[in-house]
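Undergrad: Here it is, the structure, as structure tokens.
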Amino acid sequence: MTMTPFSFTTTPQIHVEWAGSRRLGELLADRFDGRNALLVTDKGLISAGLIDPVQASLEAAGFSVSIFSDVVADPPEKIVAACAETGRAIGADIVIGLGGGSSLDIAKMAAVLARSDQALSDMYGIGNVTGARIPMALIPTTAGTGSEVTNISIITTGETTKMGVVSNQLYADFVLLDAELTIGLPAVHTAATGIDAMVHAIEAYTSKFKKNPLSDALAREAMRLLSANLVTACKDGSNQEAREKMLLGAMLAGQAFSNSPVAAVHALAYPLGGHYHLPHGLTNALMLGPVLRYNAKVAAPLYAELADVIGAPGSGDAQARSGQFVTFMQALMDESGAPRRLRDVGVTDDSLAMLARDAMKQTRLLVNNPVEVTEEDALELYREAY
């Protein structure tokens, strides 16, 4: 049987080093000509003291650093515009994103918009960005979104809706994985972001149209690393080995789903974030169990393969192993300490129908699901998660 044609793209340079951010200036000076840097982050990281040594390192290497720290969770279009305007105003010739997924997503868009006359509204969707961008480096502080190696930026476009910009211009030129930056992440956030990364790997492995041998290999290794280290990272947040393996696993999952896109878990998670302002990783964690069980009617053979990868207890045929995989994932999420029910995070029963309607707008994601999801199906999945 001949191989199905596929394409695979990722960021060209990835550097992994514990405490590497403390010598970020040296790392970037060797790779970029520009010295007028826009550093995109959030106020929480500034308050935590994580930015000072990074800024000092950049300035010691000859960079002029302007900090944009107005990034918030589920960033709206006005934050994107403000960050891009800051980049234009200072004449930035390199954009550095340092933080969680929101900071990285904003940095990507700022690098594009600061050098473009194209309207943000014309960029939503797949492959709609035109022109070049400012050189860009990304440094994640959570082991979750994988945004550092994806060509995707998620923006809140109204009061409750989110849209994605998907374009190869959003791949960074350089990525630094410094797991020391994740040490201060609280256990509940470590759990939610870690489960988010596993969702990326699982959905990439079962994606309907663009699943391919490279994304499969990355997803399997991501699942191996993440499943083996999630609970340790949650219970012993200073464990260097666990933190490093979680960050590497999240990055590998990001590479996987950037090429083999995510599906129904994300489609159902986005309305929860939009209406209830819940963290993205948490909303994925809340919807994973119901969607795994729903998709098993088609995805059982693939779930069986992942059961072997993560060492889920049990044996039997594909159907049996698939069930054991779902059971293992449920137990892992329970042990991580992440909230497990929608009602536990303030979601009300009378909003489930509205959430289901909104989920149907995520056509970019739903098309990738191995099983069709109707609005009625979505409502049942929310009820199961409730």
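Ligands are numbered from 1 in the order shown, chains are lettered A, B, ... in the order of the structure tokens, and residues start at 1 in each chain.
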Please list as a PDB file with N, CA, C and O atoms, in the first residue's frame every residue within 7 Å of Asp74 in chain A, counting only C-alpha atoms and excluding residues in the same chain fewer than 2 positions away.

TA:
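File selection.pdb, as written:
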```
ATOM      1  N   VAL A  72      -3.830  39.190  28.778  1.00  0.00           N
ATOM      2  CA  VAL A  72      -4.756  38.562  29.720  1.00  0.00           C
ATOM      3  C   VAL A  72      -5.175  37.207  29.153  1.00  0.00           C
ATOM      4  O   VAL A  72      -4.966  36.924  27.975  1.00  0.00           O
ATOM      5  N   PRO A  76      -8.538  39.479  24.004  1.00  0.00           N
ATOM      6  CA  PRO A  76      -9.429  40.026  22.987  1.00  0.00           C
ATOM      7  C   PRO A  76      -8.661  40.770  21.903  1.00  0.00           C
ATOM      8  O   PRO A  76      -7.461  41.041  22.034  1.00  0.00           O
ATOM      9  N   SER A 102      -1.504  32.457  25.980  1.00  0.00           N
ATOM     10  CA  SER A 102      -2.043  33.746  25.573  1.00  0.00           C
ATOM     11  C   SER A 102      -0.936  34.714  25.181  1.00  0.00           C
ATOM     12  O   SER A 102      -1.032  35.420  24.176  1.00  0.00           O
ATOM     13  N   ILE A 155      -7.876  34.041  19.292  1.00  0.00           N
ATOM     14  CA  ILE A 155      -8.237  35.383  19.753  1.00  0.00           C
ATOM     15  C   ILE A 155      -9.720  35.401  20.113  1.00  0.00           C
ATOM     16  O   ILE A 155     -10.545  34.813  19.412  1.00  0.00           O
ATOM     17  N   THR A 156     -10.057  36.090  21.200  1.00  0.00           N
ATOM     18  CA  THR A 156     -11.459  36.305  21.565  1.00  0.00           C
ATOM     19  C   THR A 156     -11.995  37.455  20.721  1.00  0.00           C
ATOM     20  O   THR A 156     -11.475  38.572  20.765  1.00  0.00           O
TER      21      THR A 156
END
```

Undergrad: Per residue of range 319-376 of chain A within 6 Å of range 303-314 of chain A, what are the shortest atom pair and its distance in Å to one decimal, counting only C-alpha atoms, with rows by chain and residue number, as CSV?

TA:
```
residue,atom,partner,partner_atom,distance
A:Arg321,CA,A:Ala304,CA,4.7
A:Ser322,CA,A:Ala304,CA,4.5
A:Phe325,CA,A:Ala307,CA,4.8
A:Phe328,CA,A:Ala312,CA,5.9
```

Undergrad: Just write the chosen residues, N, CA and C atoms, as a CSV table (one decimal), in the first residue's frame.

TA:
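Output below, filename part_18.csv:
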```
chain,number,residue,atom,x,y,z
A,321,ARG,N,-8.9,-2.7,25.0
A,321,ARG,CA,-7.8,-1.8,25.3
A,321,ARG,C,-8.2,-0.3,25.3
A,322,SER,N,-9.1,0.0,24.3
A,322,SER,CA,-9.6,1.3,24.2
A,322,SER,C,-10.3,1.7,25.5
A,325,PHE,N,-7.8,2.4,28.1
A,325,PHE,CA,-7.2,3.7,27.9
A,325,PHE,C,-8.0,4.8,28.5
A,328,PHE,N,-7.9,4.7,32.3
A,328,PHE,CA,-6.6,5.2,32.7
A,328,PHE,C,-6.5,6.7,32.7
```

Undergrad: Sort by chain and increasing residue number a table of all residues of range 11-100 of chain A within 9 Å of range 178-202 of chain A, each with its closest pair of atoms and their distance in Å to one decimal, counting only C-alpha atoms, and write it as CSV.

TA:
```
residue,atom,partner,partner_atom,distance
A:His15,CA,A:Asp178,CA,8.5
A:Val16,CA,A:Asp178,CA,6.2
A:Glu17,CA,A:Asp178,CA,5.4
A:Trp18,CA,A:Asp178,CA,4.9
A:Ala19,CA,A:Glu180,CA,5.6
A:Gly20,CA,A:Asp178,CA,5.6
A:Ser21,CA,A:Asp178,CA,6.3
A:Ala48,CA,A:Gly184,CA,8.6
A:Leu50,CA,A:Leu181,CA,7.4
A:Gly99,CA,A:Leu181,CA,8.9
```

Undergrad: List every residue of range 72-280 of chain A that DSSP, applied to the backbone of this structure, places in strand (DSSP E), and write the result as a PyMOL selection string.

TA: chain A and resi 94-99+125-126+136-140+152-156+162-166+174-177

Undergrad: Which residues come within 6 Å of range 236-253 of chain A, counting only C-alpha atoms, excluding same-chain residues fewer than 3 positions away, as a PyMOL selection string?

TA: chain A and resi 143-144+146+179+183+197+200-201+218-219+222+225-226+229+232-233+256

Undergrad: Skipping near chain neighbours, those fewer than 5 positions away, what residues fall within 8 Å of Gly25 in chain A using only C-alpha atoms, listed as a list in words?

TA: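 My reading of the contact set: Val54, Ser57, Leu58, Glu59, Ala60, Ala61, Gly62 and Phe63 of chain A.
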
Undergrad: Using only C-alpha atoms, which protein or nucleic acid residues come within 10 Å of Ile79 in chain A? Drop anything in the same chain fewer than 2 positions from it, and give the result as a ChimeraX atom specification.

TA: /A:68,70-72,75-77,81-85,106,110,155-156

Undergrad: Which residues are near Leu38 in chain A? Cut-off 7 Å, only C-alpha atoms, ignore same chain within fewer than 3 positions. Put them as a list in words.

TA: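 Returned residues: Val65, Ser66, Ile67, Gly87, Ala92, Ile94, Val95 and Ile96 of chain A.
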
Undergrad: Write out as an NGL selection string which residues come within 12 Å of Ser215 in chain A when counting only C-alpha atoms, dropping same-chain ones fewer than 5 positions away.

TA: :A and (6-10 or 200-207 or 210 or 220-222 or 252-262)

Undergrad: Give me, please, the distance in Å between CA of Thr283 in chain A and CA of Tyr382 in chain A, quoted to one decimal.

TA: 11.2 Å

Undergrad: Could you check how far CA of Val112 in chain A sits from CA of Arg133 in chain A, in Å to one decimal?

TA: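 Those two atoms sit 4.4 Å apart.
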
Undergrad: Would you please give, as a PyMOL selection string, all residues of range 203-304 of chain A that DSSP assigns to helix (DSSP H, G or I) based on the backbone?

TA: chain A and resi 203-206+213-235+240-259+264-276+280-304

Undergrad: What is the CA of Arg340 in chain A to CA of Arg293 in chain A distance in Å?

TA: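 Atom-to-atom, CA of Arg340 in chain A to CA of Arg293 in chain A, that is 15.2 Å.
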
Undergrad: For Gly91 in chain A, which residue among A:Ser315, A:Ser64, A:Asn151, A:Asn36 is the nearest when counting only C-alpha atoms?

TA: A:Asn36
